[in-house]
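Pasting upload29.txt here (compact mmCIF, C-alpha atoms and all ligand atoms):
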```
# COMPACT_ATOMS: atom_id res chain seq x y z
CA MET X 1 6.56 -1.16 4.02
CA ASN X 2 9.21 0.98 2.32
CA ILE X 3 9.59 0.01 -1.34
CA LEU X 4 12.36 1.24 -3.63
CA ILE X 5 11.60 1.08 -7.35
CA THR X 6 14.09 1.82 -10.14
CA GLY X 7 12.86 3.44 -13.36
CA ALA X 8 9.76 4.70 -11.56
CA GLY X 9 9.10 7.71 -13.82
CA ARG X 10 7.05 5.92 -16.46
CA GLY X 11 5.81 2.54 -17.65
CA LEU X 12 5.61 -0.33 -15.19
CA GLY X 13 7.73 1.55 -12.64
CA LEU X 14 5.17 4.37 -12.43
CA GLU X 15 2.31 1.87 -12.06
CA LEU X 16 4.20 -0.01 -9.35
CA ALA X 17 4.65 3.28 -7.49
CA ALA X 18 0.94 4.14 -7.86
CA GLU X 19 -0.21 0.68 -6.77
CA ALA X 20 2.15 0.60 -3.79
CA LEU X 21 0.95 4.04 -2.65
CA GLU X 22 -2.71 2.99 -3.00
CA ARG X 23 -1.91 0.06 -0.73
CA GLY X 24 -0.43 2.30 1.93
CA HIS X 25 3.26 1.68 1.33
CA TYR X 26 6.00 4.33 1.39
CA VAL X 27 7.64 4.59 -2.03
CA LEU X 28 11.16 5.61 -2.96
CA ALA X 29 10.73 6.33 -6.64
CA GLY X 30 14.09 6.05 -8.39
CA MET X 31 14.45 8.22 -11.48
CA ARG X 32 17.38 9.38 -13.57
CA GLU X 33 16.13 12.98 -13.56
CA PRO X 34 13.77 13.46 -10.61
CA GLN X 35 13.69 17.22 -11.22
CA ASP X 36 12.03 16.59 -14.63
CA LYS X 37 9.36 14.25 -13.36
CA SER X 38 6.27 13.49 -15.41
CA GLU X 39 2.84 14.99 -14.72
CA ALA X 40 1.68 11.55 -13.61
CA MET X 41 4.43 11.40 -10.99
CA GLN X 42 3.64 14.96 -9.85
CA ALA X 43 -0.02 13.93 -9.47
CA LEU X 44 1.02 10.97 -7.32
CA GLU X 45 3.09 13.27 -5.11
CA ALA X 46 0.08 15.54 -4.66
CA ALA X 47 -2.29 12.65 -3.96
CA PHE X 48 -0.01 10.95 -1.41
CA PRO X 49 1.80 13.72 0.49
CA GLY X 50 4.67 12.46 2.63
CA LYS X 51 4.39 8.94 1.22
CA LEU X 52 6.47 9.33 -1.93
CA ALA X 53 10.13 10.30 -2.14
CA SER X 54 11.57 10.93 -5.59
CA VAL X 55 15.22 9.95 -5.53
CA ARG X 56 17.97 10.34 -8.12
CA LEU X 57 18.84 6.85 -9.24
CA ASP X 58 20.60 6.21 -12.52
CA VAL X 59 21.39 2.50 -12.47
CA ARG X 60 24.57 3.17 -14.51
CA ASP X 61 25.96 5.49 -11.86
CA GLU X 62 27.51 3.40 -9.09
CA ASP X 63 28.80 6.43 -7.14
CA GLY X 64 25.32 7.94 -7.20
CA ILE X 65 23.79 4.70 -5.92
CA ALA X 66 26.41 4.51 -3.15
CA GLU X 67 25.58 8.11 -2.16
CA LEU X 68 21.87 7.34 -2.12
CA ALA X 69 22.47 4.28 0.07
CA ALA X 70 24.60 6.32 2.47
CA SER X 71 22.02 9.08 2.76
CA LEU X 72 19.16 6.61 3.32
CA LYS X 73 21.26 4.88 5.97
CA ARG X 74 21.85 8.21 7.73
CA GLU X 75 18.07 8.73 7.77
CA GLY X 76 17.64 5.29 9.37
CA MET X 77 15.70 4.04 6.36
CA GLN X 78 14.97 0.33 6.14
CA LEU X 79 13.59 -1.24 2.99
CA GLY X 80 10.92 -3.90 2.76
CA ALA X 81 11.42 -4.38 -0.96
CA ILE X 82 13.73 -3.45 -3.81
CA VAL X 83 12.23 -3.65 -7.29
CA ASN X 84 14.82 -3.65 -10.06
CA ASN X 85 12.54 -2.46 -12.84
CA ALA X 86 14.65 -0.12 -15.03
CA ALA X 87 15.72 -1.65 -18.33
CA VAL X 88 16.25 -0.94 -22.01
CA LEU X 89 15.27 -2.90 -25.10
CA LYS X 90 17.90 -2.13 -27.75
CA ALA X 91 18.42 -3.54 -31.26
CA ARG X 92 14.90 -4.97 -31.35
CA ASP X 93 14.86 -6.22 -34.95
CA THR X 94 18.58 -6.56 -35.52
CA GLY X 95 20.05 -9.87 -36.68
CA ILE X 96 23.28 -11.22 -35.22
CA GLU X 97 25.24 -10.26 -38.37
CA GLU X 98 24.26 -6.59 -38.01
CA LEU X 99 24.38 -6.34 -34.25
CA ASP X 100 26.29 -3.36 -32.87
CA MET X 101 28.15 -4.62 -29.81
CA LYS X 102 27.73 -1.17 -28.24
CA ASP X 103 24.02 -1.99 -27.91
CA VAL X 104 24.97 -5.20 -26.11
CA GLU X 105 27.32 -3.35 -23.75
CA HIS X 106 24.71 -0.66 -23.07
CA SER X 107 22.05 -3.29 -22.35
CA PHE X 108 24.30 -5.15 -19.92
CA ASP X 109 25.16 -1.87 -18.21
CA ILE X 110 21.49 -1.13 -17.47
CA ASN X 111 19.65 -4.49 -17.41
CA LEU X 112 22.23 -6.54 -15.49
CA TYR X 113 24.91 -4.33 -13.94
CA GLY X 114 22.17 -1.88 -12.88
CA PRO X 115 20.38 -4.36 -10.58
CA MET X 116 23.78 -5.63 -9.38
CA ARG X 117 24.88 -2.09 -8.42
CA VAL X 118 21.57 -1.43 -6.68
CA VAL X 119 21.70 -4.64 -4.63
CA LYS X 120 25.40 -4.21 -3.89
CA HIS X 121 24.79 -0.87 -2.18
CA LEU X 122 21.23 -1.16 -0.88
CA LEU X 123 21.25 -4.71 0.48
CA PRO X 124 22.34 -3.56 3.98
CA LEU X 125 19.14 -1.49 4.19
CA LEU X 126 16.89 -4.42 3.37
CA LEU X 127 14.74 -5.23 6.34
CA GLN X 128 15.09 -8.96 6.85
CA PRO X 129 13.62 -11.56 6.97
CA ARG X 130 10.25 -10.68 5.33
CA ALA X 131 11.84 -8.48 2.69
CA SER X 132 11.84 -9.00 -1.07
CA ILE X 133 14.11 -8.36 -4.01
CA VAL X 134 12.15 -8.40 -7.26
CA ASN X 135 14.13 -8.40 -10.48
CA ILE X 136 11.83 -7.52 -13.36
CA SER X 137 12.82 -10.00 -16.01
CA SER X 138 11.15 -11.12 -19.23
CA GLU X 139 10.04 -14.24 -21.03
CA ALA X 140 12.71 -13.15 -23.56
CA GLY X 141 15.26 -14.30 -20.96
CA SER X 142 13.94 -17.87 -20.84
CA LEU X 143 16.55 -20.32 -22.15
CA THR X 144 13.74 -22.79 -22.87
CA HIS X 145 11.97 -20.33 -25.17
CA ALA X 146 15.05 -18.79 -26.82
CA TYR X 147 14.38 -17.20 -30.23
CA PRO X 148 16.73 -15.65 -32.81
CA GLY X 149 16.30 -11.96 -32.00
CA ASP X 150 16.44 -9.36 -29.24
CA TYR X 151 19.99 -10.56 -28.55
CA PRO X 152 21.06 -7.92 -26.04
CA TYR X 153 17.73 -7.93 -24.23
CA GLY X 154 17.23 -11.71 -24.01
CA ILE X 155 20.79 -12.39 -22.95
CA THR X 156 20.79 -9.69 -20.27
CA LYS X 157 17.48 -10.95 -18.86
CA ALA X 158 18.78 -14.56 -18.79
CA ALA X 159 21.82 -13.27 -16.91
CA LEU X 160 19.53 -11.32 -14.56
CA ASN X 161 17.73 -14.60 -13.81
CA MET X 162 21.11 -16.04 -12.79
CA PHE X 163 21.66 -13.07 -10.47
CA THR X 164 18.26 -13.85 -8.91
CA GLU X 165 19.36 -17.45 -8.31
CA GLN X 166 22.63 -16.30 -6.75
CA LEU X 167 20.81 -13.91 -4.42
CA ARG X 168 18.36 -16.63 -3.48
CA SER X 169 21.19 -18.89 -2.44
CA LEU X 170 22.66 -16.03 -0.41
CA LEU X 171 19.48 -14.75 1.22
CA GLY X 172 16.76 -17.39 0.89
CA ALA X 173 17.58 -19.22 4.12
CA GLY X 174 17.16 -15.92 5.99
CA GLY X 175 13.63 -15.59 4.66
CA VAL X 176 14.24 -12.92 2.05
CA GLN X 177 12.12 -13.54 -1.03
CA VAL X 178 14.11 -13.13 -4.25
CA LEU X 179 12.22 -13.42 -7.53
CA SER X 180 12.60 -12.85 -11.24
CA VAL X 181 9.24 -11.68 -12.53
CA HIS X 182 7.99 -11.59 -16.11
CA PRO X 183 5.48 -8.72 -16.03
CA GLY X 184 3.66 -9.72 -19.21
CA TRP X 185 3.66 -7.96 -22.56
CA MET X 186 2.46 -4.56 -21.39
CA ARG X 187 1.20 -1.33 -22.93
CA THR X 188 4.19 0.88 -22.15
CA ASP X 189 6.75 2.76 -24.25
CA MET X 190 8.69 -0.51 -24.40
CA GLY X 191 5.77 -2.86 -25.04
CA GLY X 192 3.84 -0.62 -27.48
CA GLU X 193 0.15 0.12 -27.83
CA SER X 194 -0.95 -3.29 -29.09
CA ALA X 195 0.32 -5.14 -26.02
CA PRO X 196 -2.47 -7.02 -24.22
CA THR X 197 -1.51 -6.34 -20.60
CA ASP X 198 -2.39 -3.22 -18.61
CA PRO X 199 0.81 -2.37 -16.69
CA ARG X 200 -1.31 -1.47 -13.64
CA ARG X 201 -2.64 -5.04 -13.58
CA SER X 202 0.91 -6.35 -13.73
CA ALA X 203 1.91 -3.92 -10.95
CA ALA X 204 -0.94 -5.20 -8.76
CA GLY X 205 0.23 -8.79 -9.26
CA ILE X 206 3.81 -7.85 -8.39
CA LEU X 207 2.61 -6.06 -5.22
CA ASP X 208 0.69 -9.23 -4.28
CA LEU X 209 3.98 -11.13 -4.61
CA ILE X 210 5.82 -8.57 -2.48
CA GLU X 211 3.06 -8.65 0.15
CA ARG X 212 3.16 -12.47 -0.07
CA LYS X 213 -0.54 -12.59 -0.83
CA ALA X 214 -0.06 -14.69 -3.94
CA GLU X 215 0.25 -18.45 -3.59
CA LEU X 216 3.81 -19.20 -4.63
CA HIS X 217 5.39 -22.62 -4.68
CA PRO X 218 8.68 -22.35 -2.74
CA LYS X 219 10.67 -23.82 -5.59
CA PHE X 220 9.50 -21.14 -8.05
CA HIS X 221 12.18 -18.51 -8.73
CA PHE X 222 11.10 -17.17 -12.12
CA VAL X 223 7.40 -16.36 -12.24
CA ASP X 224 4.93 -14.20 -14.11
CA TYR X 225 3.08 -11.36 -12.40
CA GLU X 226 0.41 -13.80 -11.20
CA GLY X 227 2.99 -16.03 -9.56
CA LYS X 228 2.83 -18.74 -12.22
CA GLU X 229 6.09 -20.52 -12.93
CA MET X 230 8.10 -19.38 -15.97
CA PRO X 231 10.51 -21.83 -17.62
CA ILE X 232 14.12 -20.95 -16.86
N1 LIG E 1 6.77 -3.67 -21.69
C1 LIG E 1 6.78 -4.96 -21.84
O1 LIG E 1 5.99 -5.53 -22.59
C2 LIG E 1 7.75 -5.80 -21.04
C3 LIG E 1 7.75 -7.19 -21.22
C4 LIG E 1 8.62 -7.96 -20.45
C5 LIG E 1 9.44 -7.36 -19.52
N2 LIG E 1 9.42 -6.00 -19.37
C6 LIG E 1 10.30 -5.41 -18.35
O2 LIG E 1 9.51 -4.59 -17.49
C7 LIG E 1 10.34 -3.53 -16.97
C8 LIG E 1 9.65 -2.19 -17.22
O3 LIG E 1 9.48 -2.04 -18.61
P1 LIG E 1 8.58 -0.87 -19.24
O4 LIG E 1 7.77 -1.49 -20.29
O5 LIG E 1 7.98 -0.06 -18.17
O6 LIG E 1 9.76 -0.02 -19.95
P2 LIG E 1 9.78 1.50 -20.44
O7 LIG E 1 8.40 2.00 -20.62
O8 LIG E 1 10.71 1.54 -21.59
O9 LIG E 1 10.44 2.26 -19.17
C9 LIG E 1 11.78 1.96 -18.86
C10 LIG E 1 12.12 2.62 -17.54
O10 LIG E 1 13.51 2.33 -17.27
C11 LIG E 1 14.13 3.56 -16.94
N3 LIG E 1 15.56 3.57 -17.22
C12 LIG E 1 16.19 3.39 -18.40
N4 LIG E 1 17.51 3.54 -18.25
C13 LIG E 1 17.72 3.84 -16.94
C14 LIG E 1 18.86 4.11 -16.15
N5 LIG E 1 20.11 4.14 -16.67
N6 LIG E 1 18.70 4.34 -14.82
C15 LIG E 1 17.47 4.34 -14.27
N7 LIG E 1 16.34 4.13 -14.96
C16 LIG E 1 16.47 3.87 -16.29
C17 LIG E 1 13.39 4.61 -17.76
O11 LIG E 1 13.65 5.89 -17.22
P3 LIG E 1 13.74 7.22 -18.19
O12 LIG E 1 12.35 7.74 -18.26
O13 LIG E 1 14.71 8.10 -17.45
O14 LIG E 1 14.27 6.77 -19.51
C18 LIG E 1 11.96 4.13 -17.57
O15 LIG E 1 11.45 4.58 -16.33
C19 LIG E 1 11.68 -3.67 -17.67
O16 LIG E 1 12.56 -4.38 -16.82
C20 LIG E 1 11.35 -4.49 -18.89
O17 LIG E 1 12.47 -5.19 -19.38
C21 LIG E 1 8.61 -5.20 -20.10
```
Kindly return the structure encoded in the file as structure tokens.
Ligand SMILES: NC(=O)c1ccc[n+]([C@@H]2O[C@H](COP(=O)([O-])OP(=O)(O)OC[C@H]3O[C@@H](n4cnc5c(N)ncnc54)[C@H](OP(=O)(O)O)[C@@H]3O)[C@@H](O)[C@H]2O)c1
Amino acid sequence: MNILITGAGRGLGLELAAEALERGHYVLAGMREPQDKSEAMQALEAAFPGKLASVRLDVRDEDGIAELAASLKREGMQLGAIVNNAAVLKARDTGIEELDMKDVEHSFDINLYGPMRVVKHLLPLLLQPRASIVNISSEAGSLTHAYPGDYPYGITKAALNMFTEQLRSLLGAGGVQVLSVHPGWMRTDMGGESAPTDPRRSAAGILDLIERKAELHPKFHFVDYEGKEMPI
């Protein structure tokens, strides 16, 4: 299937691209600066010729996303999955009294409005009904497990979970799978070196969800990368 991934240049996005290619999928790797791609992404291109398209995709740039959608439509591209992976973690250890609201605005722009812009413009390309929209969320967005910190991040991920629910009510009856996925605490630039989860392992679990290999209870909307229910 054709899988579009945002923020595919590093971290979980890169591992999702690698795992999807290994499994024989065609990958549209969304990056802000595809001309400055990492060595790891160049190696993937060399290893999977004709199976990987690097596309310019800054989730803050709605015009750019609209242009990408139009050009993919002209090519007759249909998507089997959209993975909204790109995100930022700002103001990590900042208390509410010190919080700079610009960090909140920036986080909403990328973590929530980004996936909304992508779905707004790319939804018509989604091959229904076996298609998937995967919004990469976080346990930090669980209302049940709210903690006093990571304000911009947690709030944007909780809002992203709401967007998932709204898309489910729009598309679920047509068979499109819409999920919020907590990928685990992973060893990436965001998660740091002491994180326990290998992002490739998380990517493999997310691909199992997209391929509908994982057993998933139909009422689960917010799951971890193994398909286990996360508390909303
Ligand atoms: N790491 C964890 O432990 C953890 C835990 C829970 C959830 N998550 C979630 O998992 C996902 C991936 O996280 P990660 O750990 O891989 O993060 P990461 O290492 O910080 O990578 C973030 C990715 O997002 C991209 N990005 C940032 N702003 C963008 C924009 N405006 N447009 C397009 N792409 C943009 C970055 O691209 P550039 O290279 O251009 O900056 C990069 O590819 C995120 O949704 C994150 O919230 C991560």
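Minimum distance to ligand LIG 1 (chain E) across X:Asp208, X:Asp224, X:Glu75, X:Asp103 (counting only C-alpha atoms and all ligand atoms) occurs at X:Asp224.
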(message) I need every residue sitting at most 12 Å from the point (20.2, -2.5, -1.1) (coordinates as in the file, all atoms listed in the file considered), written as a ChimeraX atom specification.
(response) /X:3-6,65-70,72-73,77-84,114-128,131-134,167
(message) What residues of the protein or nucleic acid chains come within 9 Å of ligand LIG 1 (chain E) when you use only C-alpha atoms and all ligand atoms? Reply as JSON, numbers by chain.
(response) {"X": [6, 7, 8, 9, 10, 11, 12, 13, 14, 15, 30, 31, 32, 33, 34, 37, 38, 56, 57, 58, 59, 60, 61, 84, 85, 86, 87, 88, 89, 109, 110, 111, 114, 135, 136, 137, 138, 139, 140, 153, 157, 181, 182, 183, 184, 185, 186, 187, 188, 189, 190, 191, 192, 195, 196, 197, 199]}
(message) Please compute the CA of Val27 (chain X)-CA of Lys90 (chain X) distance, one decimal, in Å.
(response)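 Distance between the two atoms: 28.5 Å.
We find CA of Tyr113 (chain X) and CA of Ile96 (chain X) to be spaced 22.4 Å apart.
Across the structure, CA of Arg74 (chain X) and CA of Pro49 (chain X) are spaced 22.0 Å apart.
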(message) Which residue is closest to Val223 (chain X)? Choose from X:Gly141, X:Gly95, X:Pro148, X:Gly175 and count all atoms listed in the file.
(response)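 Looking at the shortest contact to Val223 (chain X), the residue is X:Gly141.
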Edge lengths and centre in Å to one decimal, as JSON, of the axis-aligned box that encloses all listed atoms of region 177-181 of chain X with 5 Å added on every side?
```
{"center_x": 11.7, "center_y": -12.6, "center_z": -6.8, "size_x": 14.9, "size_y": 11.9, "size_z": 21.5}
```
(request) Select, from X:His221, X:Glu98, X:Ile206, X:Glu62, the residue with the minimum atom-to-atom distance to Ser169 (chain X), counting only C-alpha atoms. (result)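 Looking only at the distances to Ser169 (chain X), the closest residue turns out to be X:His221.
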Residues near Ala20 (chain X), cut-off 9 Å, all atoms listed in the file, skip fewer than 3 positions along chain, as a JSON list (two decimals) with C-alpha atoms, keeping the file's coordinate frame:
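See part.json below for the written result:
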```
[["chain", "number", "residue", "atom", "x", "y", "z"],
["X", 3, "ILE", "CA", 9.59, 0.01, -1.34],
["X", 15, "GLU", "CA", 2.31, 1.87, -12.06],
["X", 16, "LEU", "CA", 4.20, -0.01, -9.35],
["X", 17, "ALA", "CA", 4.65, 3.28, -7.49],
["X", 23, "ARG", "CA", -1.91, 0.06, -0.73],
["X", 24, "GLY", "CA", -0.43, 2.30, 1.93],
["X", 25, "HIS", "CA", 3.26, 1.68, 1.33],
["X", 26, "TYR", "CA", 6.00, 4.33, 1.39],
["X", 27, "VAL", "CA", 7.64, 4.59, -2.03],
["X", 203, "ALA", "CA", 1.91, -3.92, -10.95],
["X", 204, "ALA", "CA", -0.94, -5.20, -8.76],
["X", 207, "LEU", "CA", 2.61, -6.06, -5.22]]
```
(request) Kindly indicate which residue among X:Asp93, X:Ala159, X:Glu215, X:Ala46 lies nearest to Tyr147 (chain X), using all atoms listed in the file for the distances. (result) X:Asp93
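The closest residue to Ile210 (chain X), picked from X:Ala29, X:Leu179, X:Ala173, X:Ala146 and counting all atoms listed in the file, is X:Leu179.
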(request) May I ask which of the residues X:Val178, X:Leu99, X:Ala53, X:Met1 is the closest one to Glu165 (chain X), counting only C-alpha atoms? (result)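 Comparing X:Val178, X:Leu99, X:Ala53, X:Met1 against Glu165 (chain X), the winner is X:Val178.
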